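K.L.:
Data: start.pdb, PDB, C-alpha atoms.
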MODEL        1
ATOM      1  CA  MET A   1     -48.305  45.519 133.585
ATOM      2  CA  SER A   2     -51.800  46.809 132.845
ATOM      3  CA  GLY A   3     -52.489  43.754 130.644
ATOM      4  CA  LEU A   4     -51.370  41.359 133.388
ATOM      5  CA  LYS A   5     -53.501  43.152 135.971
ATOM      6  CA  THR A   6     -56.511  42.944 133.670
ATOM      7  CA  ALA A   7     -55.928  39.213 133.081
ATOM      8  CA  VAL A   8     -55.727  38.548 136.841
ATOM      9  CA  LEU A   9     -58.922  40.524 137.418
ATOM     10  CA  LEU A  10     -60.724  38.625 134.660
ATOM     11  CA  ALA A  11     -59.628  35.272 136.090
ATOM     12  CA  THR A  12     -60.579  36.163 139.670
ATOM     13  CA  LEU A  13     -63.980  37.616 138.879
ATOM     14  CA  SER A  14     -64.687  34.698 136.519
ATOM     15  CA  ALA A  15     -63.919  32.238 139.313
ATOM     16  CA  LEU A  16     -66.349  34.102 141.546
ATOM     17  CA  PHE A  17     -68.956  34.034 138.786
ATOM     18  CA  ILE A  18     -68.546  30.252 138.408
ATOM     19  CA  ALA A  19     -68.827  29.830 142.193
ATOM     20  CA  VAL A  20     -72.130  31.705 142.113
ATOM     21  CA  GLY A  21     -73.328  29.404 139.341
ATOM     22  CA  GLY A  22     -72.417  26.378 141.458
ATOM     23  CA  MET A  23     -74.347  27.734 144.444
ATOM     24  CA  PHE A  24     -77.489  28.214 142.418
ATOM     25  CA  GLY A  25     -77.310  25.228 140.079
ATOM     26  CA  GLY A  26     -74.806  22.715 141.414
ATOM     27  CA  GLU A  27     -72.470  21.072 138.892
ATOM     28  CA  ALA A  28     -74.705  21.970 135.957
ATOM     29  CA  GLY A  29     -74.768  25.556 137.180
ATOM     30  CA  MET A  30     -70.974  25.663 137.317
ATOM     31  CA  VAL A  31     -70.667  24.331 133.761
ATOM     32  CA  LEU A  32     -73.180  26.878 132.519
ATOM     33  CA  ALA A  33     -71.447  29.667 134.444
ATOM     34  CA  PHE A  34     -68.079  28.619 132.972
ATOM     35  CA  GLY A  35     -69.462  28.940 129.451
ATOM     36  CA  VAL A  36     -70.986  32.303 130.280
ATOM     37  CA  ALA A  37     -67.693  33.433 131.866
ATOM     38  CA  VAL A  38     -65.751  32.625 128.678
ATOM     39  CA  VAL A  39     -68.183  34.664 126.582
ATOM     40  CA  MET A  40     -68.206  37.426 129.193
ATOM     41  CA  ASN A  41     -64.401  37.682 129.281
ATOM     42  CA  ILE A  42     -64.227  38.100 125.523
ATOM     43  CA  SER A  43     -67.081  40.576 125.388
ATOM     44  CA  SER A  44     -65.843  42.567 128.402
ATOM     45  CA  TYR A  45     -62.475  43.127 126.694
ATOM     46  CA  TRP A  46     -63.864  44.138 123.318
ATOM     47  CA  PHE A  47     -67.224  45.664 124.254
ATOM     48  CA  SER A  48     -67.038  46.774 127.906
ATOM     49  CA  ASP A  49     -67.187  50.439 126.877
ATOM     50  CA  LYS A  50     -70.360  49.910 124.832
ATOM     51  CA  ILE A  51     -71.937  47.844 127.628
ATOM     52  CA  VAL A  52     -71.347  50.522 130.256
ATOM     53  CA  LEU A  53     -72.445  53.363 127.976
ATOM     54  CA  ARG A  54     -75.634  51.480 127.102
ATOM     55  CA  MET A  55     -76.204  50.799 130.800
ATOM     56  CA  TYR A  56     -76.505  54.543 131.381
ATOM     57  CA  LYS A  57     -78.383  55.275 128.132
ATOM     58  CA  ALA A  58     -75.526  57.512 126.962
ATOM     59  CA  GLN A  59     -76.146  59.320 123.677
ATOM     60  CA  PRO A  60     -73.306  60.244 121.271
ATOM     61  CA  VAL A  61     -72.702  63.886 120.350
ATOM     62  CA  GLY A  62     -70.590  65.329 117.553
ATOM     63  CA  PRO A  63     -68.941  68.525 116.322
ATOM     64  CA  GLY A  64     -70.919  71.619 117.230
ATOM     65  CA  HIS A  65     -71.958  70.258 120.602
ATOM     66  CA  MET A  66     -70.347  72.149 123.465
ATOM     67  CA  LEU A  67     -69.047  69.016 125.198
ATOM     68  CA  TYR A  68     -67.596  67.572 121.980
ATOM     69  CA  ASP A  69     -65.811  70.787 121.013
ATOM     70  CA  MET A  70     -64.400  71.217 124.528
ATOM     71  CA  THR A  71     -63.143  67.622 124.562
ATOM     72  CA  ALA A  72     -61.586  68.053 121.112
ATOM     73  CA  ARG A  73     -59.550  71.064 122.287
ATOM     74  CA  LEU A  74     -58.368  69.241 125.403
ATOM     75  CA  ALA A  75     -57.540  66.019 123.524
ATOM     76  CA  GLN A  76     -55.389  67.991 121.081
ATOM     77  CA  ARG A  77     -53.628  69.670 123.997
ATOM     78  CA  ALA A  78     -53.063  66.267 125.630
ATOM     79  CA  GLN A  79     -51.808  64.801 122.319
ATOM     80  CA  LEU A  80     -54.488  62.105 122.421
ATOM     81  CA  PRO A  81     -56.656  60.661 119.640
ATOM     82  CA  MET A  82     -60.125  62.179 119.697
ATOM     83  CA  PRO A  83     -62.363  59.978 121.890
ATOM     84  CA  LYS A  84     -66.046  59.454 121.262
ATOM     85  CA  VAL A  85     -68.162  61.812 123.333
ATOM     86  CA  TYR A  86     -71.446  60.934 125.033
ATOM     87  CA  VAL A  87     -74.080  62.674 127.130
ATOM     88  CA  ILE A  88     -75.885  60.721 129.866
ATOM     89  CA  PRO A  89     -79.546  61.751 130.383
ATOM     90  CA  ASP A  90     -79.283  62.098 134.163
ATOM     91  CA  MET A  91     -79.427  65.216 136.320
ATOM     92  CA  SER A  92     -76.936  63.916 138.895
ATOM     93  CA  PRO A  93     -73.583  65.634 138.150
ATOM     94  CA  ASN A  94     -70.881  63.168 137.065
ATOM     95  CA  ALA A  95     -68.614  61.955 134.257
ATOM     96  CA  PHE A  96     -66.431  58.985 133.321
ATOM     97  CA  ALA A  97     -64.066  57.631 130.657
ATOM     98  CA  THR A  98     -64.129  54.132 129.198
ATOM     99  CA  GLY A  99     -62.618  52.007 126.429
ATOM    100  CA  ARG A 100     -59.713  49.639 125.668
ATOM    101  CA  ASN A 101     -56.960  52.128 124.940
ATOM    102  CA  PRO A 102     -56.446  55.724 123.742
ATOM    103  CA  ASN A 103     -57.370  54.713 120.181
ATOM    104  CA  HIS A 104     -60.656  53.140 121.314
ATOM    105  CA  ALA A 105     -61.843  55.445 124.079
ATOM    106  CA  ALA A 106     -64.948  57.388 125.030
ATOM    107  CA  VAL A 107     -65.828  60.065 127.564
ATOM    108  CA  ALA A 108     -69.294  60.639 128.964
ATOM    109  CA  ALA A 109     -70.817  63.409 131.061
ATOM    110  CA  THR A 110     -74.281  63.761 132.545
ATOM    111  CA  GLU A 111     -76.689  66.514 131.639
ATOM    112  CA  GLY A 112     -76.583  67.464 135.318
ATOM    113  CA  ILE A 113     -72.848  68.178 135.356
ATOM    114  CA  MET A 114     -73.084  70.350 132.239
ATOM    115  CA  ARG A 115     -75.820  72.425 133.863
ATOM    116  CA  LEU A 116     -74.103  72.648 137.247
ATOM    117  CA  LEU A 117     -70.553  73.621 136.311
ATOM    118  CA  SER A 118     -69.049  76.675 134.687
ATOM    119  CA  PRO A 119     -67.102  76.160 131.426
ATOM    120  CA  SER A 120     -63.731  76.259 133.230
ATOM    121  CA  GLU A 121     -64.943  73.739 135.832
ATOM    122  CA  LEU A 122     -66.352  71.395 133.191
ATOM    123  CA  GLU A 123     -63.071  71.707 131.293
ATOM    124  CA  GLY A 124     -61.245  70.552 134.419
ATOM    125  CA  VAL A 125     -63.531  67.514 134.676
ATOM    126  CA  MET A 126     -63.107  66.512 131.035
ATOM    127  CA  ALA A 127     -59.338  66.985 131.315
ATOM    128  CA  HIS A 128     -59.416  64.606 134.296
ATOM    129  CA  GLU A 129     -61.232  61.987 132.207
ATOM    130  CA  LEU A 130     -58.749  62.407 129.360
ATOM    131  CA  ALA A 131     -55.992  61.884 131.928
ATOM    132  CA  HIS A 132     -57.481  58.460 132.716
ATOM    133  CA  ILE A 133     -57.284  57.660 128.999
ATOM    134  CA  LYS A 134     -53.709  58.928 128.768
ATOM    135  CA  ASN A 135     -52.725  56.916 131.860
ATOM    136  CA  ARG A 136     -54.415  53.801 130.390
ATOM    137  CA  ASP A 137     -56.663  53.346 133.430
ATOM    138  CA  ILE A 138     -59.739  52.762 131.314
ATOM    139  CA  LEU A 139     -59.378  49.099 130.296
ATOM    140  CA  ILE A 140     -59.218  47.566 133.756
ATOM    141  CA  SER A 141     -61.825  50.040 134.990
ATOM    142  CA  SER A 142     -64.275  49.096 132.219
ATOM    143  CA  VAL A 143     -63.651  45.340 132.518
ATOM    144  CA  ALA A 144     -64.122  45.469 136.307
ATOM    145  CA  ALA A 145     -67.376  47.360 135.869
ATOM    146  CA  THR A 146     -68.782  44.911 133.307
ATOM    147  CA  ILE A 147     -68.011  41.698 135.205
ATOM    148  CA  GLY A 148     -68.774  43.178 138.611
ATOM    149  CA  ALA A 149     -72.188  44.288 137.376
ATOM    150  CA  ALA A 150     -72.862  40.807 135.957
ATOM    151  CA  ILE A 151     -72.012  39.175 139.296
ATOM    152  CA  THR A 152     -74.209  41.623 141.171
ATOM    153  CA  MET A 153     -77.150  40.939 138.859
ATOM    154  CA  LEU A 154     -76.631  37.158 139.135
ATOM    155  CA  VAL A 155     -76.645  37.383 142.932
ATOM    156  CA  GLN A 156     -79.825  39.484 142.872
ATOM    157  CA  PHE A 157     -81.425  36.971 140.507
ATOM    158  CA  GLY A 158     -80.463  34.082 142.774
ATOM    159  CA  MET A 159     -81.821  35.841 145.851
ATOM    160  CA  LEU A 160     -85.069  36.565 144.017
ATOM    161  CA  PHE A 161     -85.553  32.883 143.219
ATOM    162  CA  GLY A 162     -84.668  31.491 146.601
ATOM    163  CA  GLY A 163     -80.871  31.439 146.647
ATOM    164  CA  GLY A 164     -80.556  27.721 145.930
ATOM    165  CA  ARG A 165     -82.675  24.730 146.977
ATOM    166  CA  ASP A 166     -81.950  21.737 149.135
ATOM    167  CA  ARG A 167     -83.142  18.194 148.484
ATOM    168  CA  GLU A 168     -86.583  18.985 149.845
ATOM    169  CA  HIS A 169     -86.818  21.965 147.504
ATOM    170  CA  GLN A 170     -86.690  24.407 150.384
ATOM    171  CA  ALA A 171     -84.666  27.608 150.311
ATOM    172  CA  ASN A 172     -81.126  26.789 151.440
ATOM    173  CA  PRO A 173     -80.271  29.200 154.297
ATOM    174  CA  ILE A 174     -76.511  28.651 153.894
ATOM    175  CA  VAL A 175     -76.638  29.648 150.243
ATOM    176  CA  LEU A 176     -78.893  32.581 151.058
ATOM    177  CA  ILE A 177     -76.336  33.867 153.557
ATOM    178  CA  ALA A 178     -73.440  33.226 151.163
ATOM    179  CA  THR A 179     -75.081  35.195 148.359
ATOM    180  CA  MET A 180     -75.337  38.201 150.661
ATOM    181  CA  PHE A 181     -71.530  38.378 150.674
ATOM    182  CA  LEU A 182     -70.847  37.729 146.986
ATOM    183  CA  ALA A 183     -71.668  41.210 145.676
ATOM    184  CA  PRO A 184     -69.506  42.851 148.388
ATOM    185  CA  MET A 185     -66.722  40.394 147.476
ATOM    186  CA  ALA A 186     -66.941  41.513 143.860
ATOM    187  CA  ALA A 187     -66.840  45.140 145.004
ATOM    188  CA  ALA A 188     -63.791  44.420 147.166
ATOM    189  CA  MET A 189     -61.980  42.847 144.217
ATOM    190  CA  ILE A 190     -62.775  45.868 142.101
ATOM    191  CA  GLN A 191     -61.404  48.087 144.861
ATOM    192  CA  MET A 192     -58.153  46.107 144.927
ATOM    193  CA  ALA A 193     -57.863  46.308 141.142
ATOM    194  CA  VAL A 194     -58.698  50.005 140.889
ATOM    195  CA  SER A 195     -56.386  51.888 143.233
ATOM    196  CA  ARG A 196     -57.494  55.140 144.846
ATOM    197  CA  SER A 197     -54.147  56.634 143.894
ATOM    198  CA  ARG A 198     -55.187  56.674 140.235
ATOM    199  CA  GLU A 199     -57.623  59.516 141.014
ATOM    200  CA  PHE A 200     -54.869  61.686 142.470
ATOM    201  CA  VAL A 201     -52.701  60.994 139.404
ATOM    202  CA  ALA A 202     -55.587  61.750 137.030
ATOM    203  CA  ASP A 203     -56.299  64.978 138.937
ATOM    204  CA  ARG A 204     -52.671  66.063 138.528
ATOM    205  CA  VAL A 205     -52.416  65.114 134.855
ATOM    206  CA  GLY A 206     -55.857  66.616 134.212
ATOM    207  CA  ALA A 207     -54.731  69.908 135.754
ATOM    208  CA  GLU A 208     -51.733  69.869 133.405
ATOM    209  CA  ILE A 209     -54.000  69.265 130.404
ATOM    210  CA  ALA A 210     -56.421  72.007 131.431
ATOM    211  CA  GLY A 211     -53.564  74.389 132.217
ATOM    212  CA  THR A 212     -54.719  75.057 135.790
ATOM    213  CA  PRO A 213     -55.863  72.997 138.792
ATOM    214  CA  MET A 214     -58.482  75.567 139.842
ATOM    215  CA  GLY A 215     -61.300  74.504 137.534
ATOM    216  CA  LEU A 216     -61.110  70.860 138.634
ATOM    217  CA  ALA A 217     -60.740  71.777 142.324
ATOM    218  CA  GLN A 218     -63.864  73.918 142.234
ATOM    219  CA  ALA A 219     -65.696  71.296 140.160
ATOM    220  CA  LEU A 220     -64.976  68.502 142.655
ATOM    221  CA  GLN A 221     -66.452  70.535 145.513
ATOM    222  CA  ARG A 222     -69.592  71.359 143.541
ATOM    223  CA  ILE A 223     -69.995  67.792 142.258
ATOM    224  CA  GLU A 224     -69.771  66.410 145.805
ATOM    225  CA  VAL A 225     -72.638  68.647 146.929
ATOM    226  CA  GLY A 226     -74.640  67.862 143.792
ATOM    227  CA  VAL A 227     -74.251  64.082 144.160
ATOM    228  CA  LYS A 228     -75.361  64.232 147.802
ATOM    229  CA  GLN A 229     -78.443  66.207 146.812
ATOM    230  CA  MET A 230     -79.200  64.008 143.800
ATOM    231  CA  PRO A 231     -77.418  60.622 143.795
ATOM    232  CA  MET A 232     -77.541  58.599 140.589
ATOM    233  CA  ASP A 233     -79.383  55.312 140.261
ATOM    234  CA  ALA A 234     -76.085  53.614 139.417
ATOM    235  CA  ASN A 235     -74.831  50.047 139.633
ATOM    236  CA  GLN A 236     -72.332  49.828 142.509
ATOM    237  CA  ALA A 237     -69.961  47.784 140.318
ATOM    238  CA  THR A 238     -69.549  50.774 137.965
ATOM    239  CA  ALA A 239     -69.214  53.469 140.650
ATOM    240  CA  HIS A 240     -65.402  53.468 140.451
ATOM    241  CA  MET A 241     -65.542  54.683 136.842
ATOM    242  CA  PHE A 242     -67.010  58.073 137.672
ATOM    243  CA  ILE A 243     -65.015  61.147 138.671
ATOM    244  CA  MET A 244     -66.872  60.928 141.974
ATOM    245  CA  SER A 245     -68.916  58.046 143.349
ATOM    246  CA  PRO A 246     -72.462  58.499 141.988
ATOM    247  CA  LEU A 247     -73.933  56.725 145.016
ATOM    248  CA  SER A 248     -75.232  58.415 148.148
ATOM    249  CA  GLY A 249     -72.195  57.222 150.123
ATOM    250  CA  GLY A 250     -73.884  55.259 152.899
ATOM    251  CA  GLY A 251     -73.706  51.581 153.851
ATOM    252  CA  MET A 252     -71.907  49.237 151.472
ATOM    253  CA  ALA A 253     -71.145  52.085 149.054
ATOM    254  CA  SER A 254     -68.848  53.761 151.573
ATOM    255  CA  LEU A 255     -67.307  50.461 152.709
ATOM    256  CA  PHE A 256     -66.047  49.654 149.218
ATOM    257  CA  SER A 257     -65.443  53.182 147.927
ATOM    258  CA  THR A 258     -62.709  53.483 145.308
ATOM    259  CA  HIS A 259     -62.569  57.289 145.514
ATOM    260  CA  PRO A 260     -60.358  59.263 147.895
ATOM    261  CA  PRO A 261     -62.021  62.006 149.990
ATOM    262  CA  THR A 262     -62.852  65.124 147.996
ATOM    263  CA  LYS A 263     -61.108  67.302 150.572
ATOM    264  CA  ALA A 264     -57.823  65.421 150.051
ATOM    265  CA  ARG A 265     -58.121  65.738 146.273
ATOM    266  CA  VAL A 266     -58.803  69.470 146.456
ATOM    267  CA  GLU A 267     -55.880  69.999 148.843
ATOM    268  CA  ALA A 268     -53.560  68.146 146.449
ATOM    269  CA  LEU A 269     -54.743  70.352 143.576
ATOM    270  CA  MET A 270     -54.191  73.485 145.677
ATOM    271  CA  ARG A 271     -50.622  72.381 146.349
ATOM    272  CA  LEU A 272     -50.131  72.127 142.580
ATOM    273  CA  ARG A 273     -51.365  75.692 142.233
ATOM    274  CA  MET A 274     -49.020  76.928 144.934
ATOM    275  CA  GLY A 275     -46.116  75.082 143.339
ATOM    276  CA  ALA A 276     -46.833  76.710 139.978
ATOM    277  CA  ALA A 277     -47.114  80.196 141.509
TER     278      ALA A 277
ENDMDL
END
Re-express the file's structure as structure tokens.
P.N.:
Amino acid sequence: MSGLKTAVLLATLSALFIAVGGMFGGEAGMVLAFGVAVVMNISSYWFSDKIVLRMYKAQPVGPGHMLYDMTARLAQRAQLPMPKVYVIPDMSPNAFATGRNPNHAAVAATEGIMRLLSPSELEGVMAHELAHIKNRDILISSVAATIGAAITMLVQFGMLFGGGRDREHQANPIVLIATMFLAPMAAAMIQMAVSRSREFVADRVGAEIAGTPMGLAQALQRIEVGVKQMPMDANQATAHMFIMSPLSGGGMASLFSTHPPTKARVEALMRLRMGAA
């Protein structure tokens, strides 16, 4: 089912990418965009994790690093292969998981989240990210991020250079207006592909991996405050990958949010605690 969903997402976002190429370059633009889409589909499946990690300048860490050792303990508890572990040089508190499958997975956390959270809270966050790997959420999430980001950049490039030209080489107002809706369309497709319910499931499974829901519940509340105080300079197409949206939450970011409200997530975790008591 996950493979079919990924294939549908690839086809839909590729069609949108080709449509953008046609707007900016006519028939020649569509042909070029088709060729780029073929390459992009292949690379997004095999290299989407590396693309996203490079996008955020993530640096790998190994044994002896606090984040690596914590992840290793949790991965063993979750009966998962050891993922690669990365640190993102950003003070905004956040984390995400990426990759094709549990055997080719990576987790990444910002410097900000490691400074903000206590060890038990950070453990809850990393357990949540391992839950995404265990639930096999990461492939479609990574593919959506890669292609969505490419569409967004193409739209921005087209707007920068006039959004298409008519026969008199004047900026085409129809194309200019159309391009304003293409990035939101890509975001909407990502939202449809990446269900909000997956966060609730990852919270629950993450609490099971960590052994308690309390660390994650407290972490979510602190991350929400931290992100509001210091939002990340993140691409909107990748926002769904993070444990909490790295964006400030206003305007288009809130319209196409793929994250449920923090309050609802914390309440669900508290019910788990009460059920275990």
K.L.:
Grab the CA of Ser92 in chain A to CA of Thr110 in chain A distance for me, in Å with one decimal place.
P.N.:
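Separation between CA of Ser92 in chain A and CA of Thr110 in chain A: 6.9 Å.
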K.L.:
Counting all atoms listed in the file, what is within 7 Å of range 228-233 of chain A, bar same-chain residues fewer than 3 positions away, as an NGL selection string?
P.N.:
:A and (92 or 224-225 or 246-248)
K.L.:
Work out how far apart CA of Ala97 in chain A and CA of Lys263 in chain A are and give it in Å to one decimal.
P.N.:
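Here the two named atoms are 22.3 Å from each other.
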K.L.:
For Arg77 in chain A, list every protein, DNA or RNA residue within 9 Å, evaluated using only C-alpha atoms, and leave out those in the same chain fewer than 3 positions away; present the list as a short mmCIF file (atom, residue, chain, number, x, y, z; two decimals) with C-alpha atoms, in the frame of the given file.
P.N.:
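The result, stored in out31.cif:
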data_model
loop_
_atom_site.label_atom_id
_atom_site.label_comp_id
_atom_site.auth_asym_id
_atom_site.auth_seq_id
_atom_site.Cartn_x
_atom_site.Cartn_y
_atom_site.Cartn_z
CA ALA A 72 -61.59 68.05 121.11
CA ARG A 73 -59.55 71.06 122.29
CA LEU A 74 -58.37 69.24 125.40
CA LEU A 80 -54.49 62.10 122.42
CA ILE A 209 -54.00 69.26 130.40
CA ALA A 210 -56.42 72.01 131.43
#
K.L.:
Find the spatial neighbours of Phe200 in chain A, counting all atoms listed in the file, within a cut-off of 12 Å - ignore same-chain residues fewer than 2 positions away - and output them as a VMD selection string.
P.N.:
chain A and resid 128 131 to 132 135 195 to 198 202 to 207 213 216 to 217 243 258 to 269 272
K.L.:
Return the single residue from A:Val85, A:Arg54, A:Gln218, A:Ala15 that is closest to Gly35 in chain A, with distances computed using all atoms listed in the file.
P.N.:
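Of A:Val85, A:Arg54, A:Gln218, A:Ala15, the one nearest Gly35 in chain A, counting all atoms listed in the file, is A:Ala15.
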K.L.:
With all atoms listed in the file as the basis for distance, which of A:Val39, A:Val87, A:Ala95, A:Ile138 is at the shortest distance from His65 in chain A?
P.N.:
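Between A:Val39, A:Val87, A:Ala95, A:Ile138, the residue approaching His65 in chain A most closely is A:Val87.
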K.L.:
One decimal, Å: what's the distance from CA of Ala144 in chain A over to CA of Phe96 in chain A, could you say?
P.N.:
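Calculated distance between CA of Ala144 in chain A and CA of Phe96 in chain A is 14.0 Å.
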K.L.:
Return the single residue from A:Ala19, A:Met82, A:Leu53, A:Ala237 that is closest to Asn101 in chain A, with distances computed using only C-alpha atoms.
P.N.:
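That would be A:Met82, the residue with the smallest distance to Asn101 in chain A.
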K.L.:
Just say which residues the PyMOL selection byres ((chain A and resi 106) around 6) picks in this file, as a PyMOL selection string.
P.N.:
chain A and resi 83-85+97-98+105+107
K.L.:
Need the shell around Ser141 in chain A: protein/DNA/RNA residues with any atom at most 8 Å away, counting all atoms listed in the file. Skip same-chain ones fewer than 2 positions apart. Format as an mmCIF file with C-alpha atoms, keeping the file's coordinate frame?
P.N.:
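Just written: out.cif:
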data_model
loop_
_atom_site.group_PDB
_atom_site.id
_atom_site.type_symbol
_atom_site.label_atom_id
_atom_site.label_comp_id
_atom_site.auth_asym_id
_atom_site.auth_seq_id
_atom_site.Cartn_x
_atom_site.Cartn_y
_atom_site.Cartn_z
ATOM 1 C CA THR A 98 -64.129 54.132 129.198
ATOM 2 C CA ASP A 137 -56.663 53.346 133.430
ATOM 3 C CA ILE A 138 -59.739 52.762 131.314
ATOM 4 C CA LEU A 139 -59.378 49.099 130.296
ATOM 5 C CA VAL A 143 -63.651 45.340 132.518
ATOM 6 C CA ALA A 144 -64.122 45.469 136.307
ATOM 7 C CA ALA A 145 -67.376 47.360 135.869
ATOM 8 C CA VAL A 194 -58.698 50.005 140.889
ATOM 9 C CA HIS A 240 -65.402 53.468 140.451
ATOM 10 C CA MET A 241 -65.542 54.683 136.842
#
K.L.:
Pick out the closest residue to Leu117 in chain A from this set: A:Phe47, A:Gln221, A:Asn235, A:Asn103. Count all atoms listed in the file.
P.N.:
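Distance minimum relative to Leu117 in chain A lands on A:Gln221.
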K.L.:
A:Arg271, A:Ile88, A:Leu122, A:Phe242: which is nearest Lys57 in chain A, counting all atoms listed in the file?
P.N.:
A:Ile88
K.L.:
As AutoDock Vina command-line options, what would the box around range 196-206 of chain A look like: edges along x, y and z, 5 Å added on every side, centre and edge lengths in Å to one decimal?
P.N.:
--center_x -55.0 --center_y 60.9 --center_z 139.5 --size_x 15.2 --size_y 21.5 --size_z 20.6
K.L.:
Looking at A:Leu116, A:Val38, A:Ile140, A:Met270, which one is nearest to Arg100 in chain A, with distances taken over all atoms listed in the file?
P.N.:
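For Arg100 in chain A, the nearest of the given residues is A:Ile140.
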K.L.:
Take range 68-81 of chain A, bring it up to N, CA and C atoms, and give me the output as an mmCIF file, in the coordinates of the input.
P.N.:
data_model
loop_
_atom_site.group_PDB
_atom_site.id
_atom_site.type_symbol
_atom_site.label_atom_id
_atom_site.label_comp_id
_atom_site.auth_asym_id
_atom_site.auth_seq_id
_atom_site.Cartn_x
_atom_site.Cartn_y
_atom_site.Cartn_z
ATOM 1 N N TYR A 68 -68.484 68.145 122.997
ATOM 2 C CA TYR A 68 -67.596 67.572 121.980
ATOM 3 C C TYR A 68 -66.464 68.543 121.652
ATOM 4 N N ASP A 69 -66.821 69.799 121.399
ATOM 5 C CA ASP A 69 -65.811 70.787 121.013
ATOM 6 C C ASP A 69 -64.811 71.031 122.136
ATOM 7 N N MET A 70 -65.292 71.045 123.382
ATOM 8 C CA MET A 70 -64.400 71.217 124.528
ATOM 9 C C MET A 70 -63.440 70.035 124.634
ATOM 10 N N THR A 71 -63.974 68.829 124.475
ATOM 11 C CA THR A 71 -63.143 67.622 124.562
ATOM 12 C C THR A 71 -62.116 67.595 123.436
ATOM 13 N N ALA A 72 -62.503 68.038 122.259
ATOM 14 C CA ALA A 72 -61.586 68.053 121.112
ATOM 15 C C ALA A 72 -60.391 68.966 121.390
ATOM 16 N N ARG A 73 -60.644 70.139 121.965
ATOM 17 C CA ARG A 73 -59.550 71.064 122.287
ATOM 18 C C ARG A 73 -58.606 70.450 123.320
ATOM 19 N N LEU A 74 -59.182 69.832 124.338
ATOM 20 C CA LEU A 74 -58.368 69.241 125.403
ATOM 21 C C LEU A 74 -57.598 68.030 124.903
ATOM 22 N N ALA A 75 -58.224 67.202 124.062
ATOM 23 C CA ALA A 75 -57.540 66.019 123.524
ATOM 24 C C ALA A 75 -56.351 66.427 122.672
ATOM 25 N N GLN A 76 -56.502 67.492 121.897
ATOM 26 C CA GLN A 76 -55.389 67.991 121.081
ATOM 27 C C GLN A 76 -54.258 68.484 121.979
ATOM 28 N N ARG A 77 -54.630 69.172 123.058
ATOM 29 C CA ARG A 77 -53.628 69.670 123.997
ATOM 30 C C ARG A 77 -52.905 68.515 124.689
ATOM 31 N N ALA A 78 -53.641 67.431 124.958
ATOM 32 C CA ALA A 78 -53.063 66.267 125.630
ATOM 33 C C ALA A 78 -52.353 65.329 124.662
ATOM 34 N N GLN A 79 -52.400 65.640 123.368
ATOM 35 C CA GLN A 79 -51.808 64.801 122.319
ATOM 36 C C GLN A 79 -52.405 63.394 122.336
ATOM 37 N N LEU A 80 -53.742 63.360 122.415
ATOM 38 C CA LEU A 80 -54.488 62.105 122.421
ATOM 39 C C LEU A 80 -55.380 62.028 121.187
ATOM 40 N N PRO A 81 -55.646 60.802 120.697
ATOM 41 C CA PRO A 81 -56.656 60.661 119.640
ATOM 42 C C PRO A 81 -58.005 61.156 120.163
#
